[in-house]
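Participant: Before I ask anything, let me first share the structure, which is written out below as structure tokens.
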Amino acid sequence: MKLLFTNIKELLQIREPSVLKLSGKEMSILPTIKNAWLLIEDDKIADYGSMNDLPEISPDNTIDLTGKIVLPTWCDSHTHIVYAGNREQEFSQRISGLSYEEIANRGGGILNSAKTLQEISEEEIYKQSAKRLEEIMQLGTGAVEIKSGYGLIKEAELKMLRVVKKLKENYNIPIKATFLGAHALPLEYKDKKEEFIDHVINEILPAVAEENLAEYIDIFCEQGYFTVEDTNKLLKAAAKYNLRPKIHVNQFNAIGGVQVGVANNALSVDHLEELRIEDVESLKNSETMPVALPGCSLFLSIPYTPARMIIDAGLPLALATDFNPGSAPSGNMNLVVSLACIKMKMTPEEAINAATINGAYAMDQSKLVGSITKGKLANLIITKPIPSYSYLPYSFGSNFIEAVYLNGKKI
């Protein structure tokens, strides 16, 4: 099956030869072709070029995209979209002045979500999560990472990861699974953190590995949650099962999480709202991708990740949604790209690179998605007629996506 798009106003993110990630000044460059054509063969990108050089092609179907822009789908490398219910009751508490930590200390937060999830069937969790997955696909996400972490006890954590596995089987989109058993302390382990970490390592982790339910390991390395020592212990244990780290660090406090992530060859360190010079220095010459989650900053009214500090130091940066019920109840990557420009002072080029190729790298998918490259999956966003690609982050309250193609097929 051959599908030909013609008269594309601008074809974004051309990468031949392919790259794995972009760092520093590279992020300000977004290769494009104006007045372009693009050929899809089956589920892959087959060829592309300028309309001035369109060769003789015999496609099964041709679609005229006059006035419209084509770019690779968003790659969302940090989500928690498998959860049950919601936490809208905490929304009013936060507006009334309670902090995220204060709500958690009152039994809300992650423990609230865990209690709800533990009481609901796997089938119901799957139904709710599938609806959220379909929503983000329609918003242009073409690859996604999904974490556990709202189960906390063994049975519930495995239940969450089995739901992720079922989503992988039923939806034709790259999905990566992360085991986040150490997200918070369950009530039964209050004041017994060492025992809980040992429980995660000795009881839950082997079961996750035995059922092959995750590719990555995560932990909330944060004051009041898990220490650098806890993090190091868990990551080293997970390495025996070939689970690479993708960890929460520096959300509210900088306590050395970045350094322990780099030391354990983390694929990504995520959040980074609180960042020190020594954290930036430790990321240099590493293979670890910093990931910013501006939707969380918006919702919690906390600082935004200092993107300029990271990029100007020559480092890469990825963007993700942190889609979850408590601190970022939105999986809209279009909003994330807008926030990156408006609040983090990233250029549209930097933000699009961060949300595509660098997001793909942050879940080890940049050989498959994240750019317009021959042989990659034809996972594409087609915009409505717009003046330029900068109009996407500029018009932050509007949806200018006309169509999304995954594996060469319109969804």
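A note on labels: chains of the structure tokens are A, B, ... as shown, every chain counts residues from 1, and ligands are counted from 1 in their shown order.
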Write out as number ranges by chain which residues come within 12 Å of Ala209 of chain A when counting only C-alpha atoms, dropping same-chain ones fewer than 5 positions away.
Facilitator: A: 158, 161, 177-179, 201-204, 214-217, 237-243
Participant: Generate a file of the selected residues that holds C-alpha atoms, formatted as a tab-separated table (two decimals), in the first residue's frame.
Facilitator:
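The resulting file, out10.tsv, is reproduced below:
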chain	number	residue	atom	x	y	z
A	158	LEU	CA	1.39	-6.19	38.88
A	161	LEU	CA	1.70	-3.42	34.58
A	177	ALA	CA	6.48	0.12	30.51
A	178	THR	CA	8.19	1.34	33.68
A	179	PHE	CA	7.98	-0.27	37.13
A	201	ILE	CA	13.45	-5.55	45.68
A	202	ASN	CA	12.84	-9.05	46.99
A	203	GLU	CA	9.13	-9.58	46.37
A	204	ILE	CA	7.76	-7.30	43.64
A	214	ALA	CA	8.58	-3.68	32.32
A	215	GLU	CA	11.58	-2.32	30.43
A	216	TYR	CA	12.50	0.35	32.98
A	217	ILE	CA	12.76	0.97	36.73
A	237	ALA	CA	18.97	-4.50	42.20
A	238	ALA	CA	16.92	-3.75	39.08
A	239	ALA	CA	20.05	-3.86	36.90
A	240	LYS	CA	20.25	-7.60	37.59
A	241	TYR	CA	16.97	-7.91	35.69
A	242	ASN	CA	18.14	-5.58	32.89
A	243	LEU	CA	15.72	-2.82	33.91
Participant: Got a sec: who's within 7 Å of His78 of chain A, counting only C-alpha atoms, leaving out chain neighbours fewer than 6 positions off, as a PyMOL selection string?
Facilitator: chain A and resi 145-146+320-322
Participant: Now that the selection is made, can you save its residues with N, CA and C atoms as a PDB file, in the first residue's frame?
Facilitator:
ATOM      1  N   GLU A 145       5.514   6.298  27.056  1.00  0.00           N
ATOM      2  CA  GLU A 145       5.962   5.484  28.184  1.00  0.00           C
ATOM      3  C   GLU A 145       4.897   5.564  29.261  1.00  0.00           C
ATOM      4  N   ILE A 146       4.605   4.422  29.911  1.00  0.00           N
ATOM      5  CA  ILE A 146       3.590   4.371  30.959  1.00  0.00           C
ATOM      6  C   ILE A 146       4.186   3.723  32.199  1.00  0.00           C
ATOM      7  N   ALA A 320       7.871  16.064  28.199  1.00  0.00           N
ATOM      8  CA  ALA A 320       6.849  15.037  28.366  1.00  0.00           C
ATOM      9  C   ALA A 320       5.712  15.622  29.205  1.00  0.00           C
ATOM     10  N   THR A 321       4.597  14.873  29.305  1.00  0.00           N
ATOM     11  CA  THR A 321       3.403  15.426  29.958  1.00  0.00           C
ATOM     12  C   THR A 321       3.325  15.142  31.451  1.00  0.00           C
ATOM     13  N   ASP A 322       3.855  14.003  31.920  1.00  0.00           N
ATOM     14  CA  ASP A 322       3.647  13.551  33.302  1.00  0.00           C
ATOM     15  C   ASP A 322       2.168  13.267  33.565  1.00  0.00           C
TER      16      ASP A 322
END
Participant: Can you list, as a ChimeraX atom specification, every protein, DNA or RNA residue that comes within 8 Å of segment 285-292 of chain A when you count only C-alpha atoms, leaving out same-chain residues fewer than 2 positions away?
Facilitator: /A:261-262,265-273,282-283,294,305,307,316-320,358,361-362
Participant: Deliver the residues from the most recent selection as a file, using N, CA and C atoms, as a PDB file, in the first residue's frame.
Facilitator:
ATOM      1  N   GLY A 261      21.379   8.917  39.343  1.00  0.00           N
ATOM      2  CA  GLY A 261      20.861   8.460  38.066  1.00  0.00           C
ATOM      3  C   GLY A 261      21.957   8.274  37.041  1.00  0.00           C
ATOM      4  N   VAL A 262      22.823   9.281  36.915  1.00  0.00           N
ATOM      5  CA  VAL A 262      23.937   9.202  35.962  1.00  0.00           C
ATOM      6  C   VAL A 262      24.866   8.038  36.325  1.00  0.00           C
ATOM      7  N   ASN A 265      23.650   4.844  35.010  1.00  0.00           N
ATOM      8  CA  ASN A 265      23.373   4.832  33.579  1.00  0.00           C
ATOM      9  C   ASN A 265      21.884   4.987  33.277  1.00  0.00           C
ATOM     10  N   ALA A 266      21.238   5.908  33.964  1.00  0.00           N
ATOM     11  CA  ALA A 266      19.814   6.156  33.713  1.00  0.00           C
ATOM     12  C   ALA A 266      19.593   6.628  32.285  1.00  0.00           C
ATOM     13  N   LEU A 267      18.535   6.136  31.675  1.00  0.00           N
ATOM     14  CA  LEU A 267      18.165   6.608  30.347  1.00  0.00           C
ATOM     15  C   LEU A 267      17.668   8.047  30.437  1.00  0.00           C
ATOM     16  N   SER A 268      16.960   8.372  31.529  1.00  0.00           N
ATOM     17  CA  SER A 268      16.499   9.744  31.710  1.00  0.00           C
ATOM     18  C   SER A 268      16.374  10.083  33.186  1.00  0.00           C
ATOM     19  N   VAL A 269      16.510  11.365  33.486  1.00  0.00           N
ATOM     20  CA  VAL A 269      16.195  11.913  34.806  1.00  0.00           C
ATOM     21  C   VAL A 269      15.116  12.963  34.578  1.00  0.00           C
ATOM     22  N   ASP A 270      13.985  12.823  35.276  1.00  0.00           N
ATOM     23  CA  ASP A 270      12.786  13.563  34.931  1.00  0.00           C
ATOM     24  C   ASP A 270      12.313  14.476  36.058  1.00  0.00           C
ATOM     25  N   HIS A 271      11.785  15.595  35.689  1.00  0.00           N
ATOM     26  CA  HIS A 271      11.287  16.713  36.506  1.00  0.00           C
ATOM     27  C   HIS A 271      12.300  17.856  36.468  1.00  0.00           C
ATOM     28  N   LEU A 272      13.288  17.863  37.371  1.00  0.00           N
ATOM     29  CA  LEU A 272      14.375  18.850  37.346  1.00  0.00           C
ATOM     30  C   LEU A 272      13.902  20.280  37.533  1.00  0.00           C
ATOM     31  N   GLU A 273      12.791  20.463  38.234  1.00  0.00           N
ATOM     32  CA  GLU A 273      12.340  21.832  38.489  1.00  0.00           C
ATOM     33  C   GLU A 273      13.329  22.584  39.384  1.00  0.00           C
ATOM     34  N   SER A 282      27.063  17.206  36.176  1.00  0.00           N
ATOM     35  CA  SER A 282      27.080  15.740  36.247  1.00  0.00           C
ATOM     36  C   SER A 282      26.431  15.098  35.024  1.00  0.00           C
ATOM     37  N   LEU A 283      25.556  15.842  34.338  1.00  0.00           N
ATOM     38  CA  LEU A 283      24.903  15.311  33.144  1.00  0.00           C
ATOM     39  C   LEU A 283      25.780  15.392  31.901  1.00  0.00           C
ATOM     40  N   PRO A 294       6.532  20.394  32.035  1.00  0.00           N
ATOM     41  CA  PRO A 294       5.949  21.703  32.346  1.00  0.00           C
ATOM     42  C   PRO A 294       4.473  21.670  32.720  1.00  0.00           C
ATOM     43  N   THR A 305      11.192  23.756  34.921  1.00  0.00           N
ATOM     44  CA  THR A 305      12.551  23.290  34.675  1.00  0.00           C
ATOM     45  C   THR A 305      13.335  24.370  33.922  1.00  0.00           C
ATOM     46  N   ALA A 307      15.108  25.366  31.385  1.00  0.00           N
ATOM     47  CA  ALA A 307      15.526  24.842  30.080  1.00  0.00           C
ATOM     48  C   ALA A 307      16.762  25.554  29.539  1.00  0.00           C
ATOM     49  N   PRO A 316      21.225  17.960  26.089  1.00  0.00           N
ATOM     50  CA  PRO A 316      19.937  17.735  25.429  1.00  0.00           C
ATOM     51  C   PRO A 316      18.810  17.979  26.421  1.00  0.00           C
ATOM     52  N   LEU A 317      17.579  18.055  25.941  1.00  0.00           N
ATOM     53  CA  LEU A 317      16.409  18.172  26.798  1.00  0.00           C
ATOM     54  C   LEU A 317      15.211  17.582  26.061  1.00  0.00           C
ATOM     55  N   ALA A 318      14.424  16.799  26.777  1.00  0.00           N
ATOM     56  CA  ALA A 318      13.176  16.261  26.237  1.00  0.00           C
ATOM     57  C   ALA A 318      12.000  16.849  27.005  1.00  0.00           C
ATOM     58  N   LEU A 319      10.836  16.824  26.384  1.00  0.00           N
ATOM     59  CA  LEU A 319       9.596  17.283  27.005  1.00  0.00           C
ATOM     60  C   LEU A 319       8.610  16.128  27.088  1.00  0.00           C
ATOM     61  N   ALA A 320       7.871  16.064  28.199  1.00  0.00           N
ATOM     62  CA  ALA A 320       6.849  15.037  28.366  1.00  0.00           C
ATOM     63  C   ALA A 320       5.712  15.622  29.205  1.00  0.00           C
ATOM     64  N   ASN A 358      14.092  13.932  20.817  1.00  0.00           N
ATOM     65  CA  ASN A 358      14.642  13.752  22.162  1.00  0.00           C
ATOM     66  C   ASN A 358      13.687  12.985  23.067  1.00  0.00           C
ATOM     67  N   TYR A 361      14.274   9.432  22.230  1.00  0.00           N
ATOM     68  CA  TYR A 361      15.496   8.935  22.871  1.00  0.00           C
ATOM     69  C   TYR A 361      15.234   8.570  24.329  1.00  0.00           C
ATOM     70  N   ALA A 362      14.417   9.366  25.013  1.00  0.00           N
ATOM     71  CA  ALA A 362      14.174   9.170  26.438  1.00  0.00           C
ATOM     72  C   ALA A 362      13.388   7.892  26.733  1.00  0.00           C
TER      73      ALA A 362
END
Participant: Please, what distance in Å, to one decimal, runs between atom CA of Glu194 of chain A and atom CA of Pro325 of chain A?
Facilitator: 27.4 Å
Participant: In Å, rounded to a single decimal, give me how far atom CA of Val337 of chain A is from atom CA of Ala36 of chain A.
Facilitator: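 That distance, rounded to one decimal, is 24.2 Å.
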Participant: From a backbone DSSP assignment, name each residue in segment 188-404 of chain A labelled alpha helix (DSSP H), as a ChimeraX atom specification.
Facilitator: /A:193-199,205-210,228-239,257-263,277-283,294-300,307-311,333-344,348-355,357-361,391-394
Participant: Would you write out those residues with C-alpha atoms, as a PDB file, in the first residue's frame?
Facilitator:
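Final file, selection_29.pdb:
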ATOM      1  CA  LYS A 193      11.063   2.576  54.659  1.00  0.00           C
ATOM      2  CA  GLU A 194      13.999   0.161  54.619  1.00  0.00           C
ATOM      3  CA  GLU A 195      11.614  -2.765  54.971  1.00  0.00           C
ATOM      4  CA  PHE A 196       9.525  -1.442  52.083  1.00  0.00           C
ATOM      5  CA  ILE A 197      12.522  -1.022  49.789  1.00  0.00           C
ATOM      6  CA  ASP A 198      13.561  -4.586  50.625  1.00  0.00           C
ATOM      7  CA  HIS A 199       9.998  -5.722  49.888  1.00  0.00           C
ATOM      8  CA  LEU A 205      10.763  -6.827  41.361  1.00  0.00           C
ATOM      9  CA  PRO A 206      11.307 -10.570  40.709  1.00  0.00           C
ATOM     10  CA  ALA A 207       7.602 -10.979  39.851  1.00  0.00           C
ATOM     11  CA  VAL A 208       7.753  -8.038  37.417  1.00  0.00           C
ATOM     12  CA  ALA A 209      10.788  -9.590  35.749  1.00  0.00           C
ATOM     13  CA  GLU A 210       9.307 -13.095  35.671  1.00  0.00           C
ATOM     14  CA  VAL A 228      19.691   8.791  47.268  1.00  0.00           C
ATOM     15  CA  GLU A 229      20.756   5.666  49.171  1.00  0.00           C
ATOM     16  CA  ASP A 230      17.339   4.054  48.637  1.00  0.00           C
ATOM     17  CA  THR A 231      17.536   4.965  44.968  1.00  0.00           C
ATOM     18  CA  ASN A 232      21.007   3.521  44.486  1.00  0.00           C
ATOM     19  CA  LYS A 233      20.018   0.292  46.223  1.00  0.00           C
ATOM     20  CA  LEU A 234      16.913  -0.208  44.073  1.00  0.00           C
ATOM     21  CA  LEU A 235      18.582   0.707  40.773  1.00  0.00           C
ATOM     22  CA  LYS A 236      21.431  -1.730  41.360  1.00  0.00           C
ATOM     23  CA  ALA A 237      18.967  -4.496  42.201  1.00  0.00           C
ATOM     24  CA  ALA A 238      16.922  -3.746  39.076  1.00  0.00           C
ATOM     25  CA  ALA A 239      20.052  -3.864  36.902  1.00  0.00           C
ATOM     26  CA  GLY A 257      19.131  12.292  42.479  1.00  0.00           C
ATOM     27  CA  VAL A 258      20.682  13.423  39.203  1.00  0.00           C
ATOM     28  CA  GLN A 259      24.086  12.128  40.265  1.00  0.00           C
ATOM     29  CA  VAL A 260      22.799   8.707  41.335  1.00  0.00           C
ATOM     30  CA  GLY A 261      20.861   8.460  38.066  1.00  0.00           C
ATOM     31  CA  VAL A 262      23.937   9.202  35.962  1.00  0.00           C
ATOM     32  CA  ALA A 263      26.048   6.799  38.073  1.00  0.00           C
ATOM     33  CA  ILE A 277      25.089  23.856  38.630  1.00  0.00           C
ATOM     34  CA  GLU A 278      26.557  20.592  39.951  1.00  0.00           C
ATOM     35  CA  ASP A 279      23.518  18.714  38.589  1.00  0.00           C
ATOM     36  CA  VAL A 280      24.092  20.181  35.140  1.00  0.00           C
ATOM     37  CA  GLU A 281      27.799  19.354  35.298  1.00  0.00           C
ATOM     38  CA  SER A 282      27.080  15.740  36.247  1.00  0.00           C
ATOM     39  CA  LEU A 283      24.903  15.311  33.144  1.00  0.00           C
ATOM     40  CA  PRO A 294       5.949  21.703  32.346  1.00  0.00           C
ATOM     41  CA  GLY A 295       2.340  20.519  32.718  1.00  0.00           C
ATOM     42  CA  CYS A 296       3.161  19.583  36.304  1.00  0.00           C
ATOM     43  CA  SER A 297       4.660  23.007  36.967  1.00  0.00           C
ATOM     44  CA  LEU A 298       1.533  24.659  35.582  1.00  0.00           C
ATOM     45  CA  PHE A 299      -0.851  22.557  37.676  1.00  0.00           C
ATOM     46  CA  LEU A 300       1.079  22.677  40.960  1.00  0.00           C
ATOM     47  CA  ALA A 307      15.526  24.842  30.080  1.00  0.00           C
ATOM     48  CA  ARG A 308      17.932  27.630  29.127  1.00  0.00           C
ATOM     49  CA  MET A 309      20.370  26.556  31.826  1.00  0.00           C
ATOM     50  CA  ILE A 310      20.308  22.993  30.455  1.00  0.00           C
ATOM     51  CA  ILE A 311      20.436  23.745  26.721  1.00  0.00           C
ATOM     52  CA  MET A 333       1.697  17.353  24.304  1.00  0.00           C
ATOM     53  CA  ASN A 334       0.608  20.394  22.283  1.00  0.00           C
ATOM     54  CA  LEU A 335       0.097  22.276  25.540  1.00  0.00           C
ATOM     55  CA  VAL A 336       3.467  21.012  26.807  1.00  0.00           C
ATOM     56  CA  VAL A 337       5.213  22.403  23.710  1.00  0.00           C
ATOM     57  CA  SER A 338       3.447  25.743  24.213  1.00  0.00           C
ATOM     58  CA  LEU A 339       4.403  25.902  27.900  1.00  0.00           C
ATOM     59  CA  ALA A 340       8.013  25.134  27.000  1.00  0.00           C
ATOM     60  CA  CYS A 341       8.069  28.197  24.747  1.00  0.00           C
ATOM     61  CA  ILE A 342       6.016  30.520  26.957  1.00  0.00           C
ATOM     62  CA  LYS A 343       7.321  29.599  30.406  1.00  0.00           C
ATOM     63  CA  MET A 344      10.699  27.912  29.796  1.00  0.00           C
ATOM     64  CA  PRO A 348       9.634  26.618  18.799  1.00  0.00           C
ATOM     65  CA  GLU A 349      12.466  24.703  17.117  1.00  0.00           C
ATOM     66  CA  GLU A 350      13.920  23.598  20.461  1.00  0.00           C
ATOM     67  CA  ALA A 351      10.502  22.630  21.810  1.00  0.00           C
ATOM     68  CA  ILE A 352       9.570  20.569  18.750  1.00  0.00           C
ATOM     69  CA  ASN A 353      12.942  18.794  18.834  1.00  0.00           C
ATOM     70  CA  ALA A 354      12.488  18.135  22.560  1.00  0.00           C
ATOM     71  CA  ALA A 355       8.997  16.707  22.022  1.00  0.00           C
ATOM     72  CA  ILE A 357      13.435  13.097  18.599  1.00  0.00           C
ATOM     73  CA  ASN A 358      14.642  13.752  22.162  1.00  0.00           C
ATOM     74  CA  GLY A 359      11.416  12.379  23.594  1.00  0.00           C
ATOM     75  CA  ALA A 360      11.958   9.269  21.491  1.00  0.00           C
ATOM     76  CA  TYR A 361      15.496   8.935  22.871  1.00  0.00           C
ATOM     77  CA  TYR A 391       1.742  28.946  15.236  1.00  0.00           C
ATOM     78  CA  LEU A 392       1.349  25.607  17.050  1.00  0.00           C
ATOM     79  CA  PRO A 393       2.903  26.753  20.370  1.00  0.00           C
ATOM     80  CA  TYR A 394       1.651  30.315  19.821  1.00  0.00           C
TER      81      TYR A 394
END
